[in-house]
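**Q** Input file: final37.tsv. Contents: TSV, C-alpha atoms.
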```tsv
chain	number	residue	atom	x	y	z
A	1	MET	CA	0.00	0.00	0.00
A	2	GLU	CA	2.71	2.36	1.06
A	3	GLY	CA	4.88	1.38	-1.92
A	4	GLY	CA	1.94	1.99	-4.26
A	5	GLY	CA	1.49	5.47	-2.77
A	6	LEU	CA	5.14	6.25	-3.24
A	7	SER	CA	5.18	5.11	-6.85
A	8	GLY	CA	1.96	7.06	-7.45
A	9	GLY	CA	3.57	10.20	-5.98
A	10	LYS	CA	6.69	9.65	-8.07
A	11	GLY	CA	4.51	9.25	-11.16
A	12	LEU	CA	2.78	12.54	-10.41
A	13	VAL	CA	6.09	14.35	-9.99
A	14	MET	CA	7.33	12.88	-13.28
A	15	LYS	CA	4.13	13.95	-15.02
A	16	ARG	CA	4.38	17.47	-13.65
A	17	ALA	CA	8.01	17.70	-14.70
A	18	PHE	CA	7.08	16.48	-18.19
A	19	LEU	CA	4.26	19.03	-18.45
A	20	PHE	CA	6.63	21.78	-17.34
A	21	LEU	CA	9.15	20.75	-20.01
A	22	VAL	CA	6.46	20.63	-22.69
A	23	ARG	CA	5.14	24.05	-21.68
A	24	TRP	CA	8.60	25.65	-21.69
A	25	GLY	CA	9.79	23.83	-24.81
A	26	ILE	CA	6.79	24.89	-26.88
A	27	GLY	CA	6.79	28.37	-25.34
A	28	LEU	CA	10.42	29.02	-26.27
A	29	LEU	CA	9.91	27.54	-29.74
A	30	LEU	CA	6.92	29.80	-30.49
A	31	LEU	CA	8.59	32.87	-29.03
A	32	TYR	CA	11.66	32.34	-31.20
A	33	ALA	CA	9.64	31.53	-34.35
A	34	GLY	CA	7.50	34.64	-33.89
A	35	ALA	CA	10.47	36.95	-33.23
A	36	VAL	CA	12.30	35.74	-36.36
A	37	LYS	CA	9.21	36.48	-38.48
A	38	ILE	CA	8.60	39.91	-36.95
A	39	ALA	CA	12.19	40.84	-37.81
A	40	ASP	CA	11.51	40.06	-41.50
A	41	LEU	CA	7.79	40.40	-42.21
A	42	SER	CA	8.34	40.78	-45.95
A	43	GLY	CA	10.31	37.54	-46.10
A	44	PHE	CA	7.65	35.78	-44.08
A	45	ALA	CA	4.92	37.12	-46.38
A	46	ARG	CA	6.82	35.64	-49.34
A	47	ALA	CA	7.00	32.28	-47.50
A	48	VAL	CA	3.23	32.39	-46.85
A	49	GLU	CA	2.58	33.25	-50.50
A	50	ALA	CA	4.64	30.25	-51.61
A	51	TYR	CA	2.22	27.91	-49.79
A	52	ARG	CA	-0.51	28.99	-52.27
A	53	ILE	CA	-3.32	28.51	-49.75
A	54	LEU	CA	-4.51	32.02	-48.93
A	55	PRO	CA	-5.90	34.50	-51.48
A	56	SER	CA	-3.37	37.28	-52.16
A	57	GLY	CA	-5.49	39.91	-50.38
A	58	LEU	CA	-5.30	37.97	-47.11
A	59	ILE	CA	-1.55	37.31	-47.20
A	60	PRO	CA	-0.39	40.72	-45.82
A	61	PRO	CA	-2.73	40.82	-42.78
A	62	PHE	CA	-2.20	37.12	-42.04
A	63	SER	CA	1.58	37.31	-42.26
A	64	HIS	CA	1.51	40.37	-40.03
A	65	LEU	CA	-0.75	38.87	-37.37
A	66	LEU	CA	0.56	35.31	-37.11
A	67	PRO	CA	4.04	36.16	-35.71
A	68	TRP	CA	2.44	38.26	-32.95
A	69	VAL	CA	0.09	35.40	-32.07
A	70	GLU	CA	3.13	33.10	-31.84
A	71	VAL	CA	5.00	35.55	-29.60
A	72	LEU	CA	2.05	36.07	-27.25
A	73	VAL	CA	1.18	32.38	-27.04
A	74	GLY	CA	4.86	31.60	-26.40
A	75	ALA	CA	5.05	34.23	-23.65
A	76	ALA	CA	1.81	32.96	-22.07
A	77	LEU	CA	3.11	29.37	-22.04
A	78	LEU	CA	6.38	30.45	-20.44
A	79	SER	CA	4.77	32.69	-17.83
A	80	GLY	CA	1.84	30.42	-17.05
A	81	LEU	CA	-0.63	33.30	-17.57
A	82	LEU	CA	-3.74	32.54	-19.66
A	83	LEU	CA	-2.32	29.05	-19.94
A	84	ARG	CA	-5.49	27.34	-21.09
A	85	GLY	CA	-6.09	29.78	-23.91
A	86	ALA	CA	-2.42	29.56	-24.91
A	87	ALA	CA	-2.57	25.75	-24.98
A	88	LEU	CA	-5.68	25.88	-27.19
A	89	LEU	CA	-4.05	28.37	-29.57
A	90	SER	CA	-0.74	26.50	-29.76
A	91	SER	CA	-2.60	23.25	-30.60
A	92	SER	CA	-4.58	25.11	-33.27
A	93	LEU	CA	-1.43	26.72	-34.69
A	94	PHE	CA	0.46	23.42	-35.02
A	95	LEU	CA	-2.61	21.76	-36.54
A	96	LEU	CA	-2.89	24.61	-39.04
A	97	PHE	CA	0.81	24.35	-39.91
A	98	ALA	CA	0.58	20.57	-40.31
A	99	ILE	CA	-2.38	20.94	-42.70
A	100	ALA	CA	-0.57	23.62	-44.74
A	101	ILE	CA	2.58	21.47	-44.97
A	102	GLY	CA	0.55	18.33	-45.77
A	103	VAL	CA	-1.37	20.04	-48.59
A	104	ASN	CA	1.85	21.27	-50.18
A	105	LEU	CA	3.59	17.91	-49.80
A	106	VAL	CA	0.70	16.31	-51.70
A	107	ARG	CA	1.05	19.01	-54.36
A	108	GLY	CA	4.77	18.20	-54.58
A	109	ALA	CA	5.72	21.83	-53.90
A	110	GLU	CA	9.44	22.39	-53.32
A	111	ILE	CA	9.22	25.38	-51.02
A	112	SER	CA	10.81	26.59	-47.83
A	113	CYS	CA	8.94	25.91	-44.60
A	114	GLY	CA	9.17	29.50	-43.29
A	115	CYS	CA	9.08	28.03	-39.78
A	116	PHE	CA	12.19	29.24	-37.98
A	117	THR	CA	13.75	31.28	-40.77
A	118	THR	CA	12.18	33.45	-43.45
A	119	SER	CA	14.90	32.71	-46.00
A	120	PRO	CA	13.71	30.98	-49.21
A	121	GLN	CA	16.81	28.77	-48.82
A	122	GLY	CA	15.59	27.61	-45.40
A	123	GLU	CA	14.35	24.18	-44.40
A	124	GLU	CA	12.39	22.62	-47.29
A	125	LEU	CA	9.01	20.92	-46.76
A	126	SER	CA	9.40	17.20	-46.08
A	127	LEU	CA	7.69	14.29	-44.37
A	128	VAL	CA	10.04	14.72	-41.38
A	129	LEU	CA	8.87	18.30	-41.02
A	130	LEU	CA	5.24	17.22	-41.19
A	131	LEU	CA	5.86	14.58	-38.50
A	132	ARG	CA	7.62	17.19	-36.34
A	133	ASP	CA	4.59	19.44	-36.61
A	134	VAL	CA	2.19	16.62	-35.82
A	135	GLY	CA	4.37	15.77	-32.80
A	136	LEU	CA	4.22	19.38	-31.60
A	137	PHE	CA	0.47	19.39	-32.11
A	138	LEU	CA	0.14	16.23	-30.00
A	139	LEU	CA	2.30	17.70	-27.23
A	140	SER	CA	0.27	20.92	-27.24
A	141	PHE	CA	-2.95	18.97	-27.19
A	142	PHE	CA	-1.66	16.88	-24.28
A	143	LEU	CA	-0.96	20.10	-22.40
A	144	LEU	CA	-4.45	21.36	-23.23
A	145	TRP	CA	-5.98	18.09	-22.09
A	146	GLU	CA	-4.10	18.04	-18.83
A	147	LYS	CA	-4.65	21.67	-17.99
A	148	VAL	CA	-8.24	22.04	-19.06
A	149	LEU	CA	-10.33	19.16	-20.19
A	150	ASP	CA	-9.25	16.70	-17.56
A	151	LYS	CA	-9.73	19.31	-14.84
A	152	GLY	CA	-13.23	20.05	-16.13
A	153	ARG	CA	-14.12	16.36	-16.27
A	154	ARG	CA	-13.04	15.84	-12.67
A	155	SER	CA	-15.01	18.86	-11.50
B	1	MET	CA	-17.18	21.40	-17.98
B	2	ARG	CA	-19.14	24.10	-19.78
B	3	GLU	CA	-17.63	26.71	-17.45
B	4	VAL	CA	-14.10	25.45	-18.21
B	5	THR	CA	-14.75	25.58	-21.95
B	6	ARG	CA	-16.10	29.11	-21.67
B	7	LYS	CA	-13.00	30.27	-19.76
B	8	LEU	CA	-10.75	28.51	-22.26
B	9	LEU	CA	-12.36	30.28	-25.22
B	10	LYS	CA	-12.32	33.59	-23.37
B	11	GLU	CA	-8.56	33.32	-22.78
B	12	ALA	CA	-7.91	32.32	-26.39
B	13	VAL	CA	-9.96	35.25	-27.72
B	14	PHE	CA	-8.17	37.61	-25.33
B	15	LEU	CA	-4.78	36.43	-26.62
B	16	LEU	CA	-5.91	36.84	-30.25
B	17	LEU	CA	-7.19	40.35	-29.58
B	18	ALA	CA	-3.96	41.31	-27.82
B	19	ALA	CA	-1.96	39.95	-30.79
B	20	SER	CA	-4.13	41.96	-33.21
B	21	LEU	CA	-3.54	45.11	-31.19
B	22	LEU	CA	0.22	44.57	-31.12
B	23	ALA	CA	0.31	43.80	-34.85
B	24	SER	CA	-1.70	46.97	-35.61
B	25	ALA	CA	0.49	49.12	-33.38
B	26	ASP	CA	3.62	47.64	-34.97
B	27	ALA	CA	2.25	48.34	-38.46
B	28	LEU	CA	1.12	51.90	-37.76
B	29	ILE	CA	4.15	53.00	-35.75
B	30	PHE	CA	7.05	51.14	-37.32
B	31	ARG	CA	5.84	50.13	-40.80
B	32	PRO	CA	3.31	52.72	-42.00
B	33	HIS	CA	4.53	52.31	-45.60
B	34	LEU	CA	2.93	48.85	-45.63
B	35	PHE	CA	-0.54	50.32	-45.36
B	36	LEU	CA	-0.48	54.02	-45.95
B	37	THR	CA	0.91	54.30	-49.46
B	38	GLU	CA	-1.41	55.55	-52.16
B	39	GLU	CA	-2.02	53.04	-54.94
B	40	ILE	CA	-2.77	53.65	-58.60
B	41	THR	CA	-4.67	51.54	-61.12
B	42	LEU	CA	-3.46	50.26	-64.48
B	43	GLU	CA	-5.29	53.06	-66.28
B	44	GLN	CA	-3.77	55.73	-64.05
B	45	ALA	CA	-0.33	54.21	-64.61
B	46	ARG	CA	-0.89	54.23	-68.36
B	47	SER	CA	-1.97	57.86	-68.43
B	48	LEU	CA	0.97	58.97	-66.24
B	49	TRP	CA	3.32	57.07	-68.55
B	50	GLU	CA	1.81	58.59	-71.71
B	51	GLU	CA	2.07	62.09	-70.31
B	52	GLY	CA	5.62	61.46	-69.14
B	53	LYS	CA	4.66	62.79	-65.72
B	54	ALA	CA	6.12	59.98	-63.63
B	55	LEU	CA	9.32	58.09	-63.05
B	56	PHE	CA	8.50	54.38	-62.94
B	57	ILE	CA	10.76	52.35	-60.67
B	58	ASP	CA	10.91	48.61	-61.28
B	59	PRO	CA	12.31	46.69	-58.27
B	60	ARG	CA	12.52	43.29	-59.99
B	61	PRO	CA	15.94	41.70	-60.52
B	62	LEU	CA	17.85	42.73	-63.65
B	63	PHE	CA	17.18	39.46	-65.53
B	64	SER	CA	13.38	39.86	-65.14
B	65	TYR	CA	13.64	43.52	-66.10
B	66	ALA	CA	15.64	42.59	-69.21
B	67	GLU	CA	12.93	40.15	-70.31
B	68	GLY	CA	10.43	43.01	-70.44
B	69	HIS	CA	9.51	46.22	-68.63
B	70	ILE	CA	7.46	49.39	-68.94
B	71	PRO	CA	9.34	51.57	-71.46
B	72	GLY	CA	11.56	54.03	-69.66
B	73	ALA	CA	11.17	52.32	-66.27
B	74	PHE	CA	14.15	52.66	-63.96
B	75	GLN	CA	15.39	49.31	-62.62
B	76	CYS	CA	16.48	49.44	-59.01
B	77	SER	CA	16.23	46.76	-56.33
B	78	PRO	CA	15.88	47.66	-52.62
B	79	GLY	CA	19.50	46.61	-52.08
B	80	GLU	CA	20.75	49.21	-54.59
B	81	ILE	CA	18.51	52.11	-53.72
B	82	GLU	CA	20.83	53.74	-51.20
B	83	TRP	CA	23.79	54.17	-53.51
B	84	ARG	CA	21.60	55.08	-56.51
B	85	MET	CA	19.79	57.92	-54.72
B	86	GLU	CA	21.75	60.64	-56.54
B	87	GLU	CA	20.69	59.19	-59.89
B	88	ILE	CA	17.07	58.85	-58.73
B	89	ARG	CA	16.98	62.46	-57.50
B	90	ARG	CA	18.12	63.63	-60.96
B	91	GLU	CA	15.57	61.43	-62.77
B	92	VAL	CA	12.68	62.36	-60.50
B	93	GLU	CA	13.07	66.14	-60.95
B	94	GLY	CA	9.58	67.57	-61.57
B	95	LYS	CA	7.95	64.17	-61.73
B	96	GLU	CA	5.88	61.88	-59.55
B	97	VAL	CA	7.27	58.49	-58.59
B	98	VAL	CA	5.47	55.25	-59.35
B	99	ILE	CA	6.82	52.05	-57.85
B	100	CYS	CA	5.79	48.97	-59.79
B	101	CYS	CA	5.04	46.00	-57.53
B	102	GLU	CA	7.00	42.85	-58.32
B	103	ASP	CA	4.22	40.48	-57.13
B	104	ALA	CA	1.03	40.38	-55.08
B	105	ILE	CA	2.87	40.97	-51.79
B	106	CYS	CA	4.98	43.80	-53.18
B	107	SER	CA	7.46	43.59	-50.34
B	108	GLN	CA	10.35	44.95	-52.45
B	109	GLY	CA	8.23	47.72	-53.89
B	110	LYS	CA	7.14	48.72	-50.39
B	111	GLU	CA	10.74	48.68	-49.15
B	112	ILE	CA	11.59	51.18	-51.87
B	113	VAL	CA	8.58	53.33	-50.96
B	114	GLU	CA	9.73	53.36	-47.34
B	115	PHE	CA	13.26	54.38	-48.30
B	116	LEU	CA	12.17	57.13	-50.71
B	117	LYS	CA	9.78	58.59	-48.14
B	118	LYS	CA	12.56	58.66	-45.57
B	119	GLU	CA	14.71	60.47	-48.10
B	120	GLY	CA	12.02	63.12	-48.41
B	121	ILE	CA	10.78	62.21	-51.92
B	122	LYS	CA	7.17	63.33	-52.25
B	123	GLY	CA	4.34	61.88	-54.34
B	124	VAL	CA	5.45	58.26	-54.22
B	125	ARG	CA	2.69	55.88	-55.31
B	126	LEU	CA	2.39	52.14	-55.81
B	127	PHE	CA	1.26	50.45	-59.00
B	128	LYS	CA	0.07	47.16	-57.49
B	129	GLY	CA	-0.50	45.32	-60.76
B	130	GLY	CA	3.08	46.03	-61.80
B	131	PHE	CA	4.57	44.94	-65.11
B	132	GLU	CA	2.55	41.72	-65.12
B	133	GLU	CA	-0.75	43.60	-65.36
B	134	TRP	CA	0.78	46.07	-67.83
B	135	ARG	CA	1.86	43.21	-70.12
B	136	GLU	CA	-1.51	41.39	-69.80
B	137	ALA	CA	-3.24	44.57	-70.96
B	138	GLY	CA	-1.06	44.48	-74.09
B	139	TYR	CA	0.56	47.86	-73.42
B	140	PRO	CA	3.94	48.75	-74.97
B	141	GLU	CA	6.97	47.14	-73.43
B	142	GLU	CA	10.69	47.33	-73.78
B	143	LYS	CA	13.29	44.58	-73.51
B	144	GLY	CA	16.95	44.65	-72.49
B	145	TRP	CA	18.64	47.02	-70.08
```
Reformat the file's structure so that it appears as structure tokens.
**A**
Amino acid sequence: MEGGGLSGGKGLVMKRAFLFLVRWGIGLLLLYAGAVKIADLSGFARAVEAYRILPSGLIPPFSHLLPWVEVLVGAALLSGLLLRGAALLSSSLFLLFAIAIGVNLVRGAEISCGCFTTSPQGEELSLVLLLRDVGLFLLSFFLLWEKVLDKGRRS
Amino acid sequence: MREVTRKLLKEAVFLLLAASLLASADALIFRPHLFLTEEITLEQARSLWEEGKALFIDPRPLFSYAEGHIPGAFQCSPGEIEWRMEEIRREVEGKEVVICCEDAICSQGKEIVEFLKKEGIKGVRLFKGGFEEWREAGYPEEKGW
């Protein structure tokens, strides 16, 4: 009985540590990605255009807003403020990115990801990149689940 | 559960609104040229060109310019603008300036607009359709450089 309690407590500590790592990892990643894009909005707009998903009229406002969403969501994840909303938005962002990458992989487009650099010579779209995005989506969703949905279910 | 969902959505909307505010402030304070530059239509561009009232600046790379451009257009990429300012000041004497967009985003065209405005050049306008629209309309073009 006592041993079970100890292992249960250890499991909880491990889970909390894992959640902390996920929160900080994704927070830092989004903060960096957003800052890089804000520093070169024109380059990022060109990367968005290359995806050929949005109509041209929507590309400038979208490419201007997205980096700021990334920065704020990243800051919220790091600080722990508005954590639930940030977890929902980070899951949505990674899902959106995965869909955009998936669509262009199916099209066979040889374009730069525009993820952590705005250079056209940056990381090219690939299956590995898609899997990385799906992985980040799953981690974000796990965070969302743990912080929100599970809490709601228990209450 | 409903209460948790409501709070979750509220937080997400708050973050999105805050991001919109920051993006708008960033655009209006630090990048006004992205939004506040007057644009002209194909017909306006044509009439300015016919009357010889404007200097057309084409920011596309030299090889694209050489394949075809608006006759008399001045080729200059954002990277060259600083050291070609003397030349531009001479060319622009008594004329308006029309920057031809290189594509739908027009990031290079807008960079040039920003630079010229900082240099005190007045009457700078953007021709969003650029050479592509000009060519589609079947208007005169020039090749080479």
**Q** If you take only C-alpha atoms and a cut-off of 8 Å, which residues of chain A touch chain B, and what are their nearest atom pairs and distances in Å to one decimal, in chain and number order, as a tab-separated table?
**A**
```
residue	atom	partner	partner_atom	distance
A:Ser42	CA	B:Ser107	CA	5.3
A:Gly43	CA	B:Ser107	CA	7.9
A:Ala45	CA	B:Ile105	CA	6.9
A:Arg46	CA	B:Ile105	CA	7.1
A:Glu49	CA	B:Ile105	CA	7.8
A:Ser56	CA	B:Ala104	CA	6.1
A:Ile59	CA	B:Ile105	CA	7.3
A:Pro60	CA	B:Ile105	CA	6.8
A:His64	CA	B:Ala23	CA	6.3
A:Leu65	CA	B:Ala23	CA	5.6
A:Trp68	CA	B:Ala19	CA	5.2
A:Val69	CA	B:Ala19	CA	5.2
A:Leu72	CA	B:Ala19	CA	6.6
A:Val73	CA	B:Leu15	CA	7.2
A:Leu82	CA	B:Glu11	CA	5.8
A:Arg84	CA	B:Leu8	CA	5.5
A:Gly85	CA	B:Ala12	CA	4.0
A:Ala86	CA	B:Ala12	CA	6.3
A:Leu88	CA	B:Ala12	CA	6.9
A:Leu89	CA	B:Ala12	CA	6.4
A:Val148	CA	B:Val4	CA	6.8
A:Leu149	CA	B:Met1	CA	7.5
A:Gly152	CA	B:Met1	CA	4.6
A:Arg153	CA	B:Met1	CA	6.1
A:Ser155	CA	B:Met1	CA	7.3
```
**Q** How many Å lie between atom CA of A:Leu78 and atom CA of A:Leu19, rounded to one decimal?
**A**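 For atom CA of A:Leu78 relative to atom CA of A:Leu19, the distance reads 11.8 Å.
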**Q** Can you measure atom CA of A:Leu21 to atom CA of A:Ile38 for me? One decimal in Å is fine.
**A**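 Computing it gives 25.6 Å between the two atoms.
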**Q** Can you work out which one of A:Ala76, A:Ser91, A:Leu81, A:Leu30 has the shortest atom-to-atom distance to A:Phe141, counting only C-alpha atoms?
**A** A:Ser91
**Q** Between atom CA of A:Gly122 and atom CA of A:Ser92, what is the distance in Å, rounded to a tenth?
**A** 23.7 Å
**Q** Contacts of A:Ile99 at 9 Å or less, counting all atoms listed in the file, minus same-chain residues fewer than 5 places along, as a ChimeraX atom specification?
**A** /A:94,104,130
**Q** Go ahead and write the selection's residues with C-alpha atoms as a compact mmCIF listing (two decimals), in the frame of the given file.
**A**
```
# COMPACT_ATOMS: atom_id res chain seq x y z
CA PHE A 94 0.46 23.42 -35.02
CA ASN A 104 1.85 21.27 -50.18
CA LEU A 130 5.24 17.22 -41.19
```
**Q** So that I can check the surroundings of stretch 80-92 of chain B, please list as a ChimeraX atom specification every protein, DNA and RNA residue that reaches within 10 Å of it, counting only C-alpha atoms and ignoring chain neighbours fewer than 2 positions away.
**A** /B:53-57,59,74-78,94-97,111-112,115-116,119,121-122
**Q** Quick one: everything within 8 Å of B:Tyr65, counting only C-alpha atoms, minus sequence neighbours fewer than 6 positions away in the same chain. Send it as a PyMOL selection string.
**A** chain B and resi 58+75+143-145
**Q** Which residue gives the smallest distance to A:Lys147 among A:Leu66, A:Leu41, A:Leu83, A:Leu125, with only C-alpha atoms counted?
**A** A:Leu83
**Q** In the coordinates of the file, take the point (6.9, 27.4, -42.3) and a cut-off of 12 Å; then, counting all atoms listed in the file, name each qualifying protein, DNA or RNA residue as a ChimeraX atom specification.
**A** /A:33-34,36-37,43-51,63,66-67,93-94,96-102,104,111-126,129-130,132-133
